[in-house]
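Asks: Contents are mmCIF, C-alpha atoms; file name my_file-v9.cif:
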```
data_data
loop_
_atom_site.label_atom_id
_atom_site.label_comp_id
_atom_site.auth_asym_id
_atom_site.auth_seq_id
_atom_site.Cartn_x
_atom_site.Cartn_y
_atom_site.Cartn_z
CA MET J 1 -14.00 -15.28 -37.29
CA ALA J 2 -11.01 -14.42 -39.44
CA ARG J 3 -9.62 -11.94 -36.96
CA ASP J 4 -5.94 -11.35 -36.42
CA PRO J 5 -5.06 -13.36 -33.28
CA ASP J 6 -2.51 -10.77 -32.13
CA GLN J 7 -5.08 -7.99 -32.34
CA THR J 8 -7.59 -10.11 -30.46
CA LYS J 9 -5.05 -10.91 -27.75
CA ALA J 10 -4.13 -7.24 -27.45
CA ARG J 11 -7.80 -6.26 -27.09
CA LEU J 12 -8.25 -8.96 -24.46
CA LEU J 13 -5.22 -7.80 -22.50
CA THR J 14 -6.51 -4.22 -22.53
CA ALA J 15 -9.93 -5.30 -21.30
CA ALA J 16 -8.41 -7.65 -18.71
CA THR J 17 -6.14 -4.88 -17.41
CA ALA J 18 -9.14 -2.64 -16.75
CA GLU J 19 -11.15 -5.46 -15.18
CA PHE J 20 -8.39 -6.74 -12.88
CA ALA J 21 -7.28 -3.23 -11.88
CA GLU J 22 -10.84 -2.48 -10.79
CA PHE J 23 -11.85 -5.78 -9.20
CA GLY J 24 -8.70 -7.85 -8.56
CA ILE J 25 -8.25 -11.53 -9.32
CA ALA J 26 -11.07 -12.97 -7.20
CA GLY J 27 -13.43 -10.15 -8.15
CA GLY J 28 -12.53 -9.99 -11.85
CA ARG J 29 -15.02 -11.61 -14.22
CA ILE J 30 -14.04 -13.40 -17.41
CA ASP J 31 -17.45 -12.73 -18.97
CA ARG J 32 -17.10 -8.96 -18.46
CA ILE J 33 -13.63 -9.08 -20.04
CA ALA J 34 -14.98 -11.05 -23.01
CA LYS J 35 -17.84 -8.60 -23.45
CA ALA J 36 -15.61 -5.52 -23.18
CA ALA J 37 -13.21 -6.96 -25.75
CA GLY J 38 -16.02 -8.11 -28.03
CA VAL J 39 -14.58 -11.62 -27.99
CA ASN J 40 -16.12 -14.98 -27.22
CA LYS J 41 -15.33 -16.13 -23.69
CA GLN J 42 -13.96 -19.43 -24.96
CA MET J 43 -11.29 -17.52 -26.87
CA ILE J 44 -9.89 -16.26 -23.58
CA TYR J 45 -9.42 -19.78 -22.29
CA ALA J 46 -7.95 -20.84 -25.63
CA TYR J 47 -5.47 -17.94 -25.75
CA PHE J 48 -4.56 -17.51 -22.08
CA GLY J 49 -5.76 -20.49 -20.03
CA SER J 50 -7.44 -19.85 -16.67
CA LYS J 51 -8.43 -16.53 -15.11
CA ASP J 52 -5.27 -16.73 -12.99
CA ASP J 53 -3.18 -17.23 -16.13
CA LEU J 54 -4.84 -14.20 -17.73
CA PHE J 55 -4.01 -12.11 -14.65
CA ASP J 56 -0.40 -13.30 -14.88
CA ALA J 57 -0.27 -12.23 -18.54
CA VAL J 58 -1.65 -8.79 -17.63
CA PHE J 59 0.72 -8.39 -14.69
CA ASN J 60 3.74 -9.39 -16.76
CA VAL J 61 2.92 -6.67 -19.30
CA HIS J 62 2.57 -4.17 -16.47
CA VAL J 63 5.90 -5.14 -14.90
CA GLY J 64 7.68 -4.96 -18.24
CA THR J 65 6.22 -1.52 -18.93
CA SER J 66 7.25 -0.25 -15.51
CA MET J 67 10.80 -1.51 -15.93
CA ALA J 68 11.03 0.10 -19.36
CA LEU J 69 9.64 3.45 -18.18
CA VAL J 70 11.19 3.89 -14.74
CA ASP J 71 14.97 4.14 -14.82
CA PHE J 72 16.69 3.26 -11.59
CA ASP J 73 19.67 5.45 -10.76
CA ALA J 74 21.29 4.60 -7.43
CA THR J 75 23.08 7.95 -7.39
CA ASP J 76 19.89 9.98 -7.91
CA LEU J 77 17.27 8.41 -5.66
CA PRO J 78 15.02 11.50 -5.44
CA GLY J 79 14.90 11.46 -9.25
CA TYR J 80 14.04 7.77 -9.23
CA ALA J 81 11.25 8.39 -6.71
CA GLY J 82 9.86 11.12 -8.95
CA ARG J 83 9.82 8.81 -11.96
CA LEU J 84 8.15 6.07 -9.92
CA PHE J 85 5.54 8.60 -8.82
CA ASP J 86 5.03 9.62 -12.47
CA ARG J 87 4.58 6.02 -13.56
CA PHE J 88 1.66 5.51 -11.21
CA ALA J 89 0.21 9.00 -11.72
CA ASP J 90 0.19 8.37 -15.48
CA ASP J 91 -1.31 4.91 -15.10
CA PRO J 92 -3.24 4.41 -11.85
CA ALA J 93 -4.27 0.93 -13.00
CA ALA J 94 -0.62 -0.14 -12.76
CA LEU J 95 -0.46 0.58 -9.03
CA ARG J 96 -3.78 -1.12 -8.36
CA LEU J 97 -2.56 -4.22 -10.22
CA SER J 98 0.57 -4.25 -8.04
CA VAL J 99 -1.46 -4.03 -4.86
CA TRP J 100 -3.88 -6.76 -5.94
CA TYR J 101 -0.88 -8.90 -6.82
CA ARG J 102 0.63 -8.34 -3.38
CA LEU J 103 -2.65 -9.16 -1.62
CA GLU J 104 -3.80 -12.06 -3.75
CA ARG J 105 -0.44 -13.63 -4.63
CA PRO J 106 1.60 -13.22 -1.47
CA ARG J 107 3.26 -16.62 -1.80
CA GLY J 108 4.79 -18.57 -4.60
CA PRO J 109 8.08 -18.09 -6.40
CA GLY J 110 7.30 -14.61 -7.68
CA LEU J 111 8.22 -13.21 -11.06
CA GLN J 112 11.79 -13.98 -11.99
CA ALA J 113 12.15 -10.62 -13.75
CA VAL J 114 11.24 -8.82 -10.52
CA VAL J 115 13.50 -11.01 -8.40
CA ALA J 116 16.38 -10.19 -10.74
CA VAL J 117 15.68 -6.47 -10.80
CA ASN J 118 15.46 -6.31 -7.01
CA ARG J 119 18.84 -7.99 -6.70
CA VAL J 120 20.50 -5.69 -9.21
CA ARG J 121 19.10 -2.59 -7.50
CA LEU J 122 20.27 -3.72 -4.07
CA GLU J 123 23.74 -4.36 -5.45
CA ARG J 124 23.89 -0.97 -7.15
CA LEU J 125 22.76 0.77 -3.97
CA ALA J 126 25.39 -1.07 -1.93
CA GLN J 127 28.03 -0.09 -4.48
CA ALA J 128 26.90 3.56 -4.45
CA GLN J 129 27.21 3.51 -0.65
CA ARG J 130 30.72 2.03 -0.82
CA ASP J 131 31.61 4.75 -3.36
CA GLY J 132 30.29 7.41 -0.99
CA ALA J 133 27.68 8.56 -3.55
CA VAL J 134 24.82 7.58 -1.24
CA PRO J 135 24.99 7.93 2.55
CA ASP J 136 24.76 4.67 4.43
CA HIS J 137 22.58 5.43 7.44
CA PHE J 138 19.94 3.18 5.82
CA ASP J 139 20.76 -0.26 4.39
CA PRO J 140 20.02 -0.75 0.68
CA VAL J 141 16.94 -2.85 1.38
CA ALA J 142 15.52 -0.28 3.82
CA LEU J 143 16.20 2.50 1.31
CA LEU J 144 14.41 0.69 -1.52
CA SER J 145 11.48 -0.17 0.72
CA LEU J 146 11.15 3.39 2.04
CA ILE J 147 11.49 5.01 -1.39
CA GLN J 148 8.85 2.78 -2.92
CA ALA J 149 6.48 3.50 -0.04
CA ILE J 150 7.10 7.26 -0.28
CA ALA J 151 6.62 7.31 -4.07
CA THR J 152 3.20 5.70 -3.69
CA SER J 153 2.23 7.44 -0.45
CA TRP J 154 -0.50 9.64 -1.94
CA GLU J 155 -2.19 6.65 -3.48
CA SER J 156 -2.03 4.76 -0.19
CA MET J 157 -3.95 7.28 1.93
CA ASN J 158 -7.22 6.12 3.41
CA PRO J 159 -10.15 7.21 1.20
CA GLU J 160 -11.61 9.25 4.06
CA PHE J 161 -9.02 11.98 3.51
CA GLY J 162 -11.24 12.99 0.61
CA ALA J 163 -11.11 16.70 -0.06
CA ALA J 164 -8.32 17.19 2.51
CA ALA J 165 -5.90 15.44 0.15
CA PRO J 166 -4.49 17.81 -2.48
CA THR J 167 -4.94 16.46 -5.99
CA ASP J 168 -2.41 18.74 -7.65
CA ARG J 169 0.11 16.46 -9.28
CA GLY J 170 3.04 18.83 -9.06
CA TYR J 171 2.45 19.35 -5.35
CA ARG J 172 2.25 15.62 -4.72
CA ARG J 173 5.34 14.90 -6.78
CA GLY J 174 7.27 17.64 -5.00
CA ALA J 175 6.46 16.16 -1.60
CA VAL J 176 7.66 12.72 -2.76
CA VAL J 177 10.97 14.01 -4.13
CA ASP J 178 11.57 16.23 -1.07
CA ALA J 179 10.82 13.35 1.28
CA VAL J 180 13.49 11.20 -0.36
CA ARG J 181 15.96 14.11 -0.19
CA HIS J 182 15.26 14.35 3.55
CA LEU J 183 15.68 10.60 3.91
CA LEU J 184 19.17 10.85 2.42
CA ALA J 185 20.31 13.98 4.21
CA THR J 186 23.05 13.53 6.74
CA ASN J 187 23.07 16.05 9.53
CA GLN J 188 23.38 16.54 13.25
CA SER J 189 19.85 17.62 13.92
CA VAL J 190 18.07 14.39 13.02
CA GLY J 191 16.14 13.10 15.99
CA LYS J 192 16.10 16.44 17.74
CA GLU J 193 13.82 18.48 15.49
CA GLY J 194 10.11 18.28 16.05
CA GLN J 195 10.45 16.34 19.25
CA SER J 196 9.07 17.41 22.57
CA MET I 1 -30.03 -23.42 19.31
CA ALA I 2 -30.01 -21.74 22.71
CA ARG I 3 -26.69 -20.03 22.13
CA ASP I 4 -25.82 -16.62 23.45
CA PRO I 5 -26.29 -14.23 20.48
CA ASP I 6 -23.37 -12.02 21.56
CA GLN I 7 -21.01 -14.98 21.68
CA THR I 8 -22.21 -16.15 18.29
CA LYS I 9 -21.70 -12.67 16.82
CA ALA I 10 -18.23 -12.47 18.32
CA ARG I 11 -17.31 -15.86 16.84
CA LEU I 12 -18.67 -14.77 13.48
CA LEU I 13 -16.68 -11.51 13.56
CA THR I 14 -13.49 -13.42 14.37
CA ALA I 15 -14.05 -15.85 11.52
CA ALA I 16 -15.04 -13.04 9.14
CA THR I 17 -11.91 -11.05 10.03
CA ALA I 18 -9.69 -13.97 9.08
CA GLU I 19 -11.65 -14.65 5.88
CA PHE I 20 -11.76 -11.04 4.66
CA ALA I 21 -8.13 -10.38 5.60
CA GLU I 22 -7.10 -13.36 3.49
CA PHE I 23 -9.44 -13.01 0.51
CA GLY I 24 -10.96 -9.51 0.54
CA ILE I 25 -14.60 -8.63 -0.02
CA ALA I 26 -15.10 -10.14 -3.49
CA GLY I 27 -13.00 -13.19 -2.64
CA GLY I 28 -14.38 -13.76 0.86
CA ARG I 29 -16.92 -16.57 1.18
CA ILE I 30 -19.87 -16.52 3.56
CA ASP I 31 -20.02 -20.31 3.67
CA ARG I 32 -16.38 -20.55 4.80
CA ILE I 33 -17.07 -17.99 7.53
CA ALA I 34 -20.13 -19.90 8.70
CA LYS I 35 -18.19 -23.15 8.77
CA ALA I 36 -15.20 -21.65 10.62
CA ALA I 37 -17.53 -20.14 13.22
CA GLY I 38 -19.62 -23.31 13.52
CA VAL I 39 -22.73 -21.28 12.77
CA ASN I 40 -25.51 -21.70 10.23
CA LYS I 41 -25.02 -19.45 7.21
CA GLN I 42 -28.52 -18.02 7.61
CA MET I 43 -27.53 -16.68 11.02
CA ILE I 44 -24.94 -14.44 9.35
CA TYR I 45 -27.59 -12.83 7.18
CA ALA I 46 -29.90 -12.52 10.16
CA TYR I 47 -27.26 -10.89 12.37
CA PHE I 48 -25.30 -8.80 9.88
CA GLY I 49 -27.18 -8.55 6.57
CA SER I 50 -25.21 -8.95 3.33
CA LYS I 51 -21.57 -9.94 2.85
CA ASP I 52 -20.78 -6.25 2.36
CA ASP I 53 -22.48 -5.42 5.64
CA LEU I 54 -20.47 -8.12 7.39
CA PHE I 55 -17.25 -6.65 5.97
CA ASP I 56 -18.31 -3.22 7.24
CA ALA I 57 -18.87 -4.67 10.72
CA VAL I 58 -15.40 -6.28 10.65
CA PHE I 59 -13.75 -3.11 9.36
CA ASN I 60 -15.43 -0.95 11.98
CA VAL I 61 -14.08 -3.18 14.74
CA HIS I 62 -10.62 -2.95 13.17
CA VAL I 63 -10.74 0.86 12.91
CA GLY I 64 -11.94 1.19 16.49
CA THR I 65 -9.16 -1.08 17.74
CA SER I 66 -6.51 0.86 15.80
CA MET I 67 -7.74 4.17 17.18
CA ALA I 68 -7.72 2.80 20.70
CA LEU I 69 -4.23 1.30 20.40
CA VAL I 70 -2.33 3.90 18.36
CA ASP I 71 -2.04 7.25 20.11
CA PHE I 72 -1.43 10.17 17.82
CA ASP I 73 0.98 12.76 19.19
CA ALA I 74 1.63 15.63 16.79
CA THR I 75 4.74 16.62 18.73
CA ASP I 76 6.28 13.12 18.59
CA LEU I 77 5.74 11.90 15.07
CA PRO I 78 8.57 9.31 15.07
CA GLY I 79 6.93 7.80 18.17
CA TYR I 80 3.57 7.77 16.42
CA ALA I 81 5.12 6.04 13.38
CA GLY I 82 6.63 3.40 15.68
CA ARG I 83 3.25 2.72 17.30
CA LEU I 84 1.59 2.50 13.90
CA PHE I 85 4.27 0.03 12.83
CA ASP I 86 3.65 -1.98 16.02
CA ARG I 87 -0.09 -2.08 15.41
CA PHE I 88 0.36 -3.77 12.04
CA ALA I 89 3.27 -5.96 13.14
CA ASP I 90 1.12 -7.24 16.02
CA ASP I 91 -1.91 -7.78 13.79
CA PRO I 92 -1.05 -8.23 10.10
CA ALA I 93 -4.73 -8.89 9.33
CA ALA I 94 -5.48 -5.27 10.27
CA LEU I 95 -3.28 -3.89 7.51
CA ARG I 96 -4.63 -6.31 4.92
CA LEU I 97 -8.18 -5.28 5.83
CA SER I 98 -7.21 -1.62 5.33
CA VAL I 99 -5.72 -2.34 1.92
CA TRP I 100 -8.72 -4.38 0.77
CA TYR I 101 -10.96 -1.56 1.99
CA ARG I 102 -8.96 0.96 -0.03
CA LEU I 103 -9.04 -1.19 -3.17
CA GLU I 104 -12.60 -2.42 -2.95
CA ARG I 105 -14.32 0.59 -1.39
CA PRO I 106 -12.55 3.54 -3.01
CA ARG I 107 -15.73 5.58 -3.30
CA GLY I 108 -18.65 6.31 -1.05
CA PRO I 109 -18.88 8.54 1.98
CA GLY I 110 -16.26 6.64 4.02
CA LEU I 111 -16.40 5.96 7.71
CA GLN I 112 -17.40 9.01 9.71
CA ALA I 113 -15.07 8.01 12.54
CA VAL I 114 -12.10 8.02 10.15
CA VAL I 115 -13.13 11.32 8.53
CA ALA I 116 -13.30 12.88 11.98
CA VAL I 117 -9.97 11.48 13.13
CA ASN I 118 -8.23 12.66 9.95
CA ARG I 119 -9.55 16.18 10.50
CA VAL I 120 -8.46 16.30 14.12
CA ARG I 121 -4.97 15.04 13.26
CA LEU I 122 -4.50 17.59 10.49
CA GLU I 123 -5.58 20.37 12.87
CA ARG I 124 -3.21 19.18 15.58
CA LEU I 125 -0.34 19.00 13.12
CA ALA I 126 -1.09 22.52 11.85
CA GLN I 127 -1.19 23.77 15.44
CA ALA I 128 2.11 22.04 16.29
CA GLN I 129 3.66 23.74 13.26
CA ARG I 130 2.33 27.15 14.32
CA ASP I 131 3.75 26.49 17.79
CA GLY I 132 7.13 25.64 16.27
CA ALA I 133 7.03 22.11 17.72
CA VAL I 134 7.03 20.56 14.24
CA PRO I 135 8.97 22.03 11.30
CA ASP I 136 6.77 23.17 8.45
CA HIS I 137 8.65 22.14 5.31
CA PHE I 138 5.88 19.60 4.72
CA ASP I 139 2.17 20.48 4.97
CA PRO I 140 0.16 18.53 7.56
CA VAL I 141 -1.54 16.42 4.91
CA ALA I 142 1.78 15.52 3.24
CA LEU I 143 3.26 14.66 6.63
CA LEU I 144 0.40 12.35 7.57
CA SER I 145 0.48 10.69 4.16
CA LEU I 146 4.26 10.17 4.26
CA ILE I 147 4.29 8.90 7.83
CA GLN I 148 1.56 6.36 7.16
CA ALA I 149 3.37 5.14 4.05
CA ILE I 150 6.68 4.88 5.90
CA ALA I 151 5.12 3.03 8.86
CA THR I 152 3.72 0.38 6.53
CA SER I 153 6.63 0.36 4.07
CA TRP I 154 7.93 -3.11 4.98
CA GLU I 155 4.52 -4.62 4.45
CA SER I 156 4.20 -2.89 1.07
CA MET I 157 7.32 -4.35 -0.56
CA ASN I 158 6.80 -6.52 -3.58
CA PRO I 159 6.79 -10.21 -2.59
CA GLU I 160 9.81 -10.86 -4.82
CA PHE I 161 12.13 -9.28 -2.25
CA GLY I 162 11.74 -12.56 -0.41
CA ALA I 163 14.84 -13.43 1.57
CA ALA I 164 16.43 -10.04 0.80
CA ALA I 165 13.93 -8.38 3.14
CA PRO I 166 15.02 -8.54 6.78
CA THR I 167 12.32 -9.99 9.00
CA ASP I 168 13.76 -8.76 12.29
CA ARG I 169 11.06 -6.64 13.84
CA GLY I 170 13.39 -4.37 15.77
CA TYR I 171 15.40 -3.62 12.64
CA ARG I 172 12.26 -2.83 10.65
CA ARG I 173 10.83 -0.64 13.39
CA GLY I 174 14.12 1.22 13.75
CA ALA I 175 14.18 2.05 10.03
CA VAL I 176 10.62 3.39 10.22
CA VAL I 177 11.30 5.62 13.22
CA ASP I 178 14.60 6.87 11.77
CA ALA I 179 12.96 7.64 8.43
CA VAL I 180 10.38 9.86 10.12
CA ARG I 181 13.17 11.60 12.08
CA HIS I 182 14.92 12.30 8.78
CA LEU I 183 11.70 13.57 7.26
CA LEU I 184 11.37 16.13 10.04
CA ALA I 185 14.98 17.23 10.20
CA THR I 186 15.70 20.76 9.08
CA ASN I 187 19.14 21.33 7.70
CA GLN I 188 21.12 22.91 4.91
CA SER I 189 22.33 19.75 3.31
CA VAL I 190 18.98 18.39 2.09
CA GLY I 191 19.03 17.99 -1.64
CA LYS I 192 22.80 17.94 -1.86
CA GLU I 193 23.64 14.66 -0.16
CA GLY I 194 23.66 11.53 -2.21
CA GLN I 195 23.24 13.37 -5.48
CA SER I 196 25.51 13.15 -8.43
#
```
Would you write the structure of this file as structure tokens?
Replies:
Amino acid sequence: MARDPDQTKARLLTAATAEFAEFGIAGGRIDRIAKAAGVNKQMIYAYFGSKDDLFDAVFNVHVGTSMALVDFDATDLPGYAGRLFDRFADDPAALRLSVWYRLERPRGPGLQAVVAVNRVRLERLAQAQRDGAVPDHFDPVALLSLIQAIATSWESMNPEFGAAAPTDRGYRRGAVVDAVRHLLATNQSVGKEGQS
Amino acid sequence: MARDPDQTKARLLTAATAEFAEFGIAGGRIDRIAKAAGVNKQMIYAYFGSKDDLFDAVFNVHVGTSMALVDFDATDLPGYAGRLFDRFADDPAALRLSVWYRLERPRGPGLQAVVAVNRVRLERLAQAQRDGAVPDHFDPVALLSLIQAIATSWESMNPEFGAAAPTDRGYRRGAVVDAVRHLLATNQSVGKEGQS
């Protein structure tokens, strides 16, 4: 086969992304990926190594894309949450890959690019708090954790919500952005509203 | 073997809970479960049916336990979030089972018990809003979705946070409860604080 290796690798990564997003690492099947990409199974091992290595290649692409698409602005956290929401609404496979990664790769050193980005974001949040641009009732790490959870909240509902869950994207996005605004608001009434 | 069938089933469910929490449905292995429970593999098929059926049995136990342990009080949502946090802090396997279930069983009719409980909670939230006990800037479904995401936020961080993520349970719980208080607070400053 006189195919262009880069094109073949790209087709394999596309097929592997779909397979791993659907079935995860343990459930993903190399033979289905080979078939979907129209490539001999042995080529996968030659180009990428093991199934785990192929997942790593897919996940690295996904992380790089997310970092390129989702700007982090410590002084506009509702805006950041909205962009994070958009990223996963535009590409639901990306969120599923992240969740599989969390479940199936909980240990190990982690991706250095992600470690570095976490550290930078925590530092920028701490600086924004020192500057008074962001209120400091939550620590930087709690803020990041809460914002990420809120941005992906609609995708984390139990499937039984079914028809009760609104599918309108604008509505969902609005709830995410508003929730982060509420998180940041400083006021006297917190802890008294909505309590019996 | 003159063993008590109920004891054998209980041992199998315990072993299956650990196996599925760690590896999910596709990754879970019947032979490891049989070995951990000290039971012949054929007994699993005889008692529970397929691997999928065994997962369903495990997940039903988990859902029943969660419902029994985590009281829902529409008029004290921060308290509910704290109890939800406690449930998963006490039993991390329970949250992993929920996430596997969401990833690996996204379609299908869902568990009737969960469908019913969702409906009741949405109705109680709507009633609490009509009564003025809960502010209505978020719809019931958005509130439930946000609260569940916030309660599990620490467990949903990417593994690369590593040592940056505080492990102190009281600190984590406090952030969860405070976040829900902020979510519910009604005030004029929302949307103006922390913005550039």
Asks: Would you mind telling me which residue in J:Asp91, J:Asp168, J:Asp178, J:Asp86 lies nearest to chain I when using only C-alpha atoms?
Replies: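 Checking each of J:Asp91, J:Asp168, J:Asp178, J:Asp86 against chain I, counting only C-alpha atoms, the winner is J:Asp178.
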Asks: Might you pull out every residue within 7 Å of stretch 141-146 of chain I, with all atoms listed in the file counted and same-chain residues fewer than 2 positions away left off, and present them as a PDB file with C-alpha atoms, keeping the file's coordinate frame?
Replies:
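Output (result_22.pdb):
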```
ATOM      1  CA  ILE J 150       7.100   7.260  -0.280  1.00  0.00           C
ATOM      2  CA  SER J 153       2.230   7.440  -0.450  1.00  0.00           C
ATOM      3  CA  TRP J 154      -0.500   9.640  -1.940  1.00  0.00           C
ATOM      4  CA  MET J 157      -3.950   7.280   1.930  1.00  0.00           C
ATOM      5  CA  ALA J 165      -5.900  15.440   0.150  1.00  0.00           C
ATOM      6  CA  ALA J 175       6.460  16.160  -1.600  1.00  0.00           C
TER       7      ALA J 175
ATOM      8  CA  LEU I 122      -4.500  17.590  10.490  1.00  0.00           C
ATOM      9  CA  PHE I 138       5.880  19.600   4.720  1.00  0.00           C
ATOM     10  CA  ASP I 139       2.170  20.480   4.970  1.00  0.00           C
ATOM     11  CA  GLN I 148       1.560   6.360   7.160  1.00  0.00           C
ATOM     12  CA  ALA I 149       3.370   5.140   4.050  1.00  0.00           C
ATOM     13  CA  ILE I 150       6.680   4.880   5.900  1.00  0.00           C
TER      14      ILE I 150
END
```
Asks: Quick one: residues within 7 Å of J:Leu12, only C-alpha atoms counted, chain neighbours fewer than 4 positions away excluded, as a list in words?
Replies: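 Here the answer would be Thr8, Ala16, Ile33 and Ala37 of chain J.
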Asks: Set out as a tab-separated table a contact list for chain I and chain J with a cut-off of 7 Å, giving each residue of chain I that qualifies its closest atom pair and distance in Å to one decimal, counting all atoms listed in the file, ordered by chain and rising residue number.
Replies:
```
residue	atom	partner	partner_atom	distance
I:Ala26	CA	J:Gly27	CA	5.0
I:Gly27	CA	J:Ala26	CA	5.0
I:Thr75	CA	J:Gln195	CA	5.7
I:Asp76	CA	J:Gln195	CA	5.3
I:Arg102	CA	J:Asn158	CA	6.4
I:Pro106	CA	J:Pro159	CA	6.1
I:Gly110	CA	J:Glu160	CA	5.3
I:Leu111	CA	J:Glu160	CA	6.9
I:Val114	CA	J:Glu160	CA	6.2
I:Val115	CA	J:Glu160	CA	5.2
I:Asn118	CA	J:Phe161	CA	6.5
I:Ala133	CA	J:Gly194	CA	5.2
I:Val134	CA	J:Gly194	CA	4.2
I:Pro135	CA	J:Gly194	CA	6.2
I:Val141	CA	J:Ala165	CA	6.5
I:Ala142	CA	J:Ala175	CA	6.8
I:Ser145	CA	J:Ser153	CA	5.9
I:Leu146	CA	J:Ser153	CA	5.8
I:Ala149	CA	J:Ser153	CA	5.2
I:Ile150	CA	J:Leu146	CA	6.1
I:Ser153	CA	J:Ala149	CA	5.2
I:Trp154	CA	J:Ser145	CA	6.3
I:Ser156	CA	J:Ala149	CA	6.9
I:Met157	CA	J:Ser145	CA	6.0
I:Asn158	CA	J:Arg102	CA	6.4
I:Pro159	CA	J:Pro106	CA	6.1
I:Glu160	CA	J:Val115	CA	5.1
I:Phe161	CA	J:Asn118	CA	6.5
I:Ala165	CA	J:Val141	CA	6.5
I:Ala175	CA	J:Ala142	CA	6.8
I:Ala179	CA	J:Leu183	CA	6.0
I:Arg181	CA	J:Gly191	CA	5.1
I:His182	CA	J:Leu183	CA	5.2
I:Leu183	CA	J:His182	CA	5.2
I:Leu184	CA	J:Glu193	CA	6.4
I:Ala185	CA	J:Val190	CA	5.1
I:Asn187	CA	J:Asn187	CA	6.8
I:Ser189	CA	J:Ala185	CA	6.2
I:Val190	CA	J:Ala185	CA	5.1
I:Gly191	CA	J:Arg181	CA	5.2
I:Glu193	CA	J:Ala185	CA	5.5
I:Gly194	CA	J:Val134	CA	4.2
I:Gln195	CA	J:Asp76	CA	5.3
I:Ser196	CA	J:Thr75	CA	5.8
```
Asks: List the residues matched by the PyMOL selection byres ((chain I and resi 70) around 9) in the displayed structure as a list of chain:residue names, ordered by chain and then by residue number.
Replies: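 Output of the PyMOL selection byres ((chain I and resi 70) around 9): I:Thr65, I:Ser66, I:Met67, I:Ala68, I:Leu69, I:Asp71, I:Phe72, I:Tyr80, I:Arg83, I:Leu84, I:Asp86, I:Arg87.
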Asks: Quick one: pull the distance between atom CA of J:Gly64 and atom CA of J:Phe20, Å, one decimal.
Replies: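 Separation between atom CA of J:Gly64 and atom CA of J:Phe20: 17.0 Å.
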Asks: Would you compute the distance between atom CA of J:Ile30 and atom CA of J:Tyr47? Give it in Å to one decimal.
Replies: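 These two atoms are separated by 12.8 Å.
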Asks: Can you measure atom CA of I:Gly82 to atom CA of I:Arg173 for me? One decimal in Å is fine.
Replies: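 The value is 6.3 Å.
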Asks: Could you write out as a PyMOL selection string the residues that the PyMOL selection byres ((chain J and resi 36) around 12) matches in the shown file?
Replies: chain J and resi 8+11-19+29-35+37-41
Asks: Draw an axis-aligned box over all listed atoms of stretch 144-151 of chain I, pad each side with 4 Å, and write its centre and edge lengths in Å, one decimal, as AutoDock Vina command-line options.
Replies:
```
--center_x 3.5 --center_y 7.7 --center_z 6.5 --size_x 14.3 --size_y 17.3 --size_z 12.8
```
